[in-house]
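In what follows, a single structure is set out as C-alpha cells and then discussed.
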Amino acid sequence: MHDIERQTADHDVEGLRDLARRLALEAGALVRDGRPDRVEVAATKSSAVDPVTDMDRASEALLRERLATERPHDAILGEEGDDVPGTSGLTWVLDPIDGTVNYLYGVASYAVSVAVVAGPPDPERWTALAGCVHSVVDGRTWTAARGGGAERDGLPLQVNRPASLAASLLGTGFGYEAARRAQQARVLADVLPRVRDIRRLGSAAIDLCLLAEGRLDLYYERGLNPWDMAAGGLVASEAGAWLGGLRGRGASRVMTVAGARPVVDELARLLEDADADGDA
Ligand code: IPD
C-alpha cells in the first residue's frame, strides 16, 4: 500500500474532521463574541504591519487546551505559540484567526482554521487528513476529510472548471514585508491583464474554501505559512482542485497555486515565467 493511502487508512479521518469542526466552531464563538468595538494590536510579527491581537492568542490558547485533553499524543503547530511535540505522528496545524488584519478593522472576512496532518509538519511533506475553516462573522463552515470530499455546511463542494485563464476570477494575497510586496506587485502586473479580475480578500484559508465552492476559479500566493493553507488546501483539493507549487514542487511557503486543471497549469506557467517564486 502506498504511504499516503496507509496514513489515511490508519486514521479515523471522519472523526478527526468532526473534532476539527467542533474546535473551530468553539474558537470561532470566542472570537465573535469577544471582539471589542475597538481592537488593539498586542504585538507585531514579520513587520510593523503584521499584527497579533489578544484574541489571536486567546483563540489559540483555547484550541491548544482542548487538544491537550482530547488528543494528548498529537503534536501542535500553531501560529501564536511554541510547537508542541507528539508521539502519534499526527500534528494539529492551527490558525486561531486567519485574516487578522480584517479582524482588526472589522472587515467581515476572517476565520479559524484547524487541520490535522500526518508526517512531518511541512506542507511539502505532510499528508493532510482532515480540516475545518470556520468563517467567524457569517458562520460558513467548510470541512474536508482525506478521500471523503469537501463540504460547506453539509453541502458537497466542487471546484469550477473555467473555460480559460482569461475568463478566470483569481484570488491572491500579499506578504507583510515591503520588499516581498514590491516583488508581488511586479508579478501581479503580468497576471492581472491575463485574467477576468483578481480578489484580495485577506484570508488565505477562506480564499481556498471559496475556490473549493466555485466562488473563485484560481488562487495563488507566495509566502503562506503552513497554518494559512493546511485546512483550506485540503478543502480545495478534496473539491477537485490541483494544489501545488511551481517547477514541480508542492504547495509551500515559496508558492501555493490552486485550481482546476488544465487552466491552473496555464496559471502556473505564467507564474514561472514571471519568476513569482523568486525574489527579484
Ligand atoms: C494572512 C492571511 C492573508 C494572506 C497572508 C497571511 P494571518 O494570515 O491569510 O490573506 O495574504 O499571507 O499571512 O496573518 O491573518 O493569519
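Note on naming: chains are A, B, ... as they come in the C-alpha cells, residues start from 1 per chain, ligands start from 1 in the order shown.
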From the DSSP assignment of the backbone, select every residue of range 30-243 of chain A that is strand (DSSP E or B), and format the answer as a VMD selection string.
chain A and resid 43 to 44 51 to 52 75 to 78 84 90 to 98 111 to 118 127 to 135 141 to 145 150 to 152 155 to 156 169 to 172 197 to 199 218 to 221 242 to 243
Please list as JSON, numbers by chain every residue within 12 Å of Gly15 in chain A, counting only C-alpha atoms and excluding residues in the same chain fewer than 3 positions away.
{"A": [11, 12, 18, 19, 20, 21, 22, 70, 71, 116, 129, 130, 131, 143, 144, 145, 146, 148]}
Using the selection just defined, write its residues with N, CA and C atoms as a tab-separated table (two decimals), in the first residue's frame.
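The result, written out as out_27.tsv:
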chain	number	residue	atom	x	y	z
A	11	HIS	N	-6.13	6.07	10.10
A	11	HIS	CA	-6.78	7.05	10.99
A	11	HIS	C	-8.25	7.18	10.66
A	12	ASP	N	-8.99	7.53	11.69
A	12	ASP	CA	-10.42	7.79	11.53
A	12	ASP	C	-10.56	9.24	11.04
A	18	ASP	N	-14.53	15.80	12.34
A	18	ASP	CA	-15.58	16.27	13.25
A	18	ASP	C	-14.97	17.00	14.45
A	19	LEU	N	-13.82	16.52	14.91
A	19	LEU	CA	-13.16	17.22	16.02
A	19	LEU	C	-12.64	18.59	15.55
A	20	ALA	N	-12.03	18.62	14.37
A	20	ALA	CA	-11.54	19.91	13.83
A	20	ALA	C	-12.70	20.91	13.75
A	21	ARG	N	-13.86	20.43	13.31
A	21	ARG	CA	-15.03	21.30	13.19
A	21	ARG	C	-15.49	21.80	14.56
A	22	ARG	N	-15.58	20.87	15.50
A	22	ARG	CA	-16.03	21.25	16.85
A	22	ARG	C	-15.09	22.31	17.44
A	70	GLU	N	-8.11	16.27	24.52
A	70	GLU	CA	-8.73	15.29	23.61
A	70	GLU	C	-7.73	14.49	22.78
A	71	ARG	N	-6.56	15.09	22.52
A	71	ARG	CA	-5.57	14.42	21.66
A	71	ARG	C	-4.18	14.60	22.28
A	116	VAL	N	-5.48	18.68	10.69
A	116	VAL	CA	-4.60	17.66	11.27
A	116	VAL	C	-3.90	16.95	10.12
A	129	LEU	N	-4.98	15.23	6.63
A	129	LEU	CA	-6.01	14.20	6.84
A	129	LEU	C	-7.40	14.79	6.98
A	130	ALA	N	-7.50	15.91	7.68
A	130	ALA	CA	-8.83	16.48	7.94
A	130	ALA	C	-8.66	17.94	8.28
A	131	GLY	N	-9.71	18.72	8.05
A	131	GLY	CA	-9.60	20.13	8.39
A	131	GLY	C	-10.94	20.83	8.36
A	143	THR	N	-15.49	21.94	5.61
A	143	THR	CA	-14.77	20.81	6.20
A	143	THR	C	-14.31	19.86	5.10
A	144	ALA	N	-13.30	19.09	5.42
A	144	ALA	CA	-12.85	18.04	4.49
A	144	ALA	C	-12.18	16.93	5.27
A	145	ALA	N	-12.35	15.72	4.77
A	145	ALA	CA	-11.61	14.56	5.29
A	145	ALA	C	-10.96	13.91	4.08
A	146	ARG	N	-9.71	13.54	4.21
A	146	ARG	CA	-8.98	13.00	3.06
A	146	ARG	C	-9.71	11.81	2.43
A	148	GLY	N	-12.67	11.81	1.45
A	148	GLY	CA	-14.10	11.84	1.75
A	148	GLY	C	-14.79	13.06	1.18
With only C-alpha atoms and all ligand atoms counted and 7 Å as the cut-off, give the residues of chain A in contact with ligand 1, each with its shortest interatomic distance in Å and the pair that gives it, as a Markdown table.
| residue | atom | partner | partner_atom_place_in_ligand_line | distance |
| --- | --- | --- | --- | --- |
| A:Asp50 | CA | ligand 1 | 14 (O) | 6.6 |
| A:Asp95 | CA | ligand 1 | 16 (O) | 6.2 |
| A:Ile97 | CA | ligand 1 | 16 (O) | 5.6 |
| A:Asp98 | CA | ligand 1 | 16 (O) | 3.7 |
| A:Gly99 | CA | ligand 1 | 15 (O) | 3.3 |
| A:Thr100 | CA | ligand 1 | 15 (O) | 3.9 |
| A:Val101 | CA | ligand 1 | 15 (O) | 6.0 |
| A:Thr172 | CA | ligand 1 | 11 (O) | 6.9 |
| A:Gly173 | CA | ligand 1 | 11 (O) | 3.6 |
| A:Phe174 | CA | ligand 1 | 11 (O) | 4.6 |
| A:Gly175 | CA | ligand 1 | 12 (O) | 4.9 |
| A:Leu201 | CA | ligand 1 | 10 (O) | 6.5 |
| A:Gly202 | CA | ligand 1 | 10 (O) | 3.6 |
| A:Ser203 | CA | ligand 1 | 10 (O) | 3.4 |
| A:Ala204 | CA | ligand 1 | 9 (O) | 3.7 |
| A:Ala205 | CA | ligand 1 | 9 (O) | 6.1 |
| A:Gly223 | CA | ligand 1 | 12 (O) | 5.9 |
| A:Leu224 | CA | ligand 1 | 12 (O) | 5.0 |
| A:Asn225 | CA | ligand 1 | 13 (O) | 6.7 |
| A:Asp228 | CA | ligand 1 | 9 (O) | 5.4 |
Export of prior selection with C-alpha atoms as a PDB file, in the first residue's frame:
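Output saved as selection_3.pdb:
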ATOM      1  CA  ASP A  50       1.750  42.139  10.608  1.00  0.00           C
ATOM      2  CA  ASP A  95      -4.576  29.371  12.704  1.00  0.00           C
ATOM      3  CA  ILE A  97      -7.571  33.942  13.295  1.00  0.00           C
ATOM      4  CA  ASP A  98      -6.694  33.811   9.617  1.00  0.00           C
ATOM      5  CA  GLY A  99      -7.289  37.320   8.351  1.00  0.00           C
ATOM      6  CA  THR A 100      -6.105  39.168  11.449  1.00  0.00           C
ATOM      7  CA  VAL A 101      -5.959  42.498   9.594  1.00  0.00           C
ATOM      8  CA  THR A 172      -4.382  36.049  -4.217  1.00  0.00           C
ATOM      9  CA  GLY A 173      -2.723  37.707  -1.239  1.00  0.00           C
ATOM     10  CA  PHE A 174       0.379  39.639  -0.309  1.00  0.00           C
ATOM     11  CA  GLY A 175       3.011  39.348   2.396  1.00  0.00           C
ATOM     12  CA  LEU A 201      -9.978  39.152   0.393  1.00  0.00           C
ATOM     13  CA  GLY A 202      -7.468  38.933   3.250  1.00  0.00           C
ATOM     14  CA  SER A 203      -7.787  35.353   4.494  1.00  0.00           C
ATOM     15  CA  ALA A 204      -5.941  32.646   2.606  1.00  0.00           C
ATOM     16  CA  ALA A 205      -7.971  29.944   4.362  1.00  0.00           C
ATOM     17  CA  GLY A 223       4.685  33.373   1.441  1.00  0.00           C
ATOM     18  CA  LEU A 224       1.850  31.377   3.022  1.00  0.00           C
ATOM     19  CA  ASN A 225       2.588  29.805   6.376  1.00  0.00           C
ATOM     20  CA  ASP A 228      -2.708  29.533   6.445  1.00  0.00           C
TER      21      ASP A 228
END
When distances are computed from only C-alpha atoms, which of A:Asp74, A:Glu14, A:Glu177, A:Glu151 shows the smallest separation from Glu238 in chain A?
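Nearest candidate to Glu238 in chain A out of A:Asp74, A:Glu14, A:Glu177, A:Glu151: A:Glu151.
Remark: for Gly245 in chain A, the closest of the candidate residues A:Asp273, A:Leu169, A:Asp138, A:Glu124 is A:Glu124 (distances computed over only C-alpha atoms).
Distances from A:Met255, A:Ala43, A:Ala24, A:Val264 to Leu211 in chain A were compared using only C-alpha atoms, and the smallest one belongs to A:Val264.
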Using only C-alpha atoms, which residue out of A:Pro226, A:Gly81, A:Gly240, A:Gly89 lies closest to Ala150 in chain A?
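When distances to Ala150 in chain A are compared using only C-alpha atoms, the smallest one comes from A:Gly240.
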Counting only C-alpha atoms, which residues in range 118-138 of chain A sit no more than 9 Å from range 28-38 of chain A? For each one, give the nearest pair of atoms and the distance in Å, sorted by chain then residue number, as a Markdown table.
| residue | atom | partner | partner_atom | distance |
| --- | --- | --- | --- | --- |
| A:His134 | CA | A:Gly28 | CA | 6.8 |
| A:Ser135 | CA | A:Gly28 | CA | 7.7 |
| A:Val136 | CA | A:Gly28 | CA | 5.3 |
| A:Val137 | CA | A:Arg32 | CA | 6.6 |
Neighbour list for Leu165 in chain A as a PyMOL selection string, cut-off 12 Å, only C-alpha atoms, skip fewer than 2 positions in-chain:
chain A and resi 161-163+167-170+191-198+217-219+259-270
Write out as an MDAnalysis selection string all residues of range 10-222 of chain A that DSSP puts in helix (DSSP H, G or I) for this structure's backbone.
chainID A and resid 13:33 54:70 100:105 178:194 204:212
Residue with smallest distance to Ile206 in chain A - pool A:Gly250, A:Gly106, A:Gly139, A:Pro156, counting only C-alpha atoms
A:Gly139
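The closest residue to Glu79 in chain A, picked from A:Thr256, A:Thr91, A:Pro51, A:Trp227 and counting only C-alpha atoms, is A:Trp227.
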Test item: residues at most 7 Å from Trp142 in chain A, only C-alpha atoms, excluding those fewer than 2 positions along its chain, as a ChimeraX atom specification
/A:132-134,140,151-153,209
Applying 9 Å and only C-alpha atoms, which residues near range 181-188 of chain A remain after dropping the ones on its own chain fewer than 6 positions away? List them as an MDAnalysis selection string.
chainID A and resid 173:175 221:222 271 274:276 278:280
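Put simply, CA of Ala241 in chain A is 22.7 Å away from CA of Pro120 in chain A.
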Please, what distance in Å, to one decimal, runs between CA of Ala239 in chain A and CA of Val257 in chain A?
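About the pair CA of Ala239 in chain A and CA of Val257 in chain A: they are 14.7 Å apart.
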If we count only C-alpha atoms, what is near Ala75 in chain A at a cut-off of 8 Å, once residues fewer than 4 positions away on the same chain are taken out, given as a ChimeraX atom specification?
/A:83-92
State, in Å with one decimal place, the distance from CA of Ala189 in chain A to CA of Asp277 in chain A.
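Here the two named atoms are 14.9 Å from each other.
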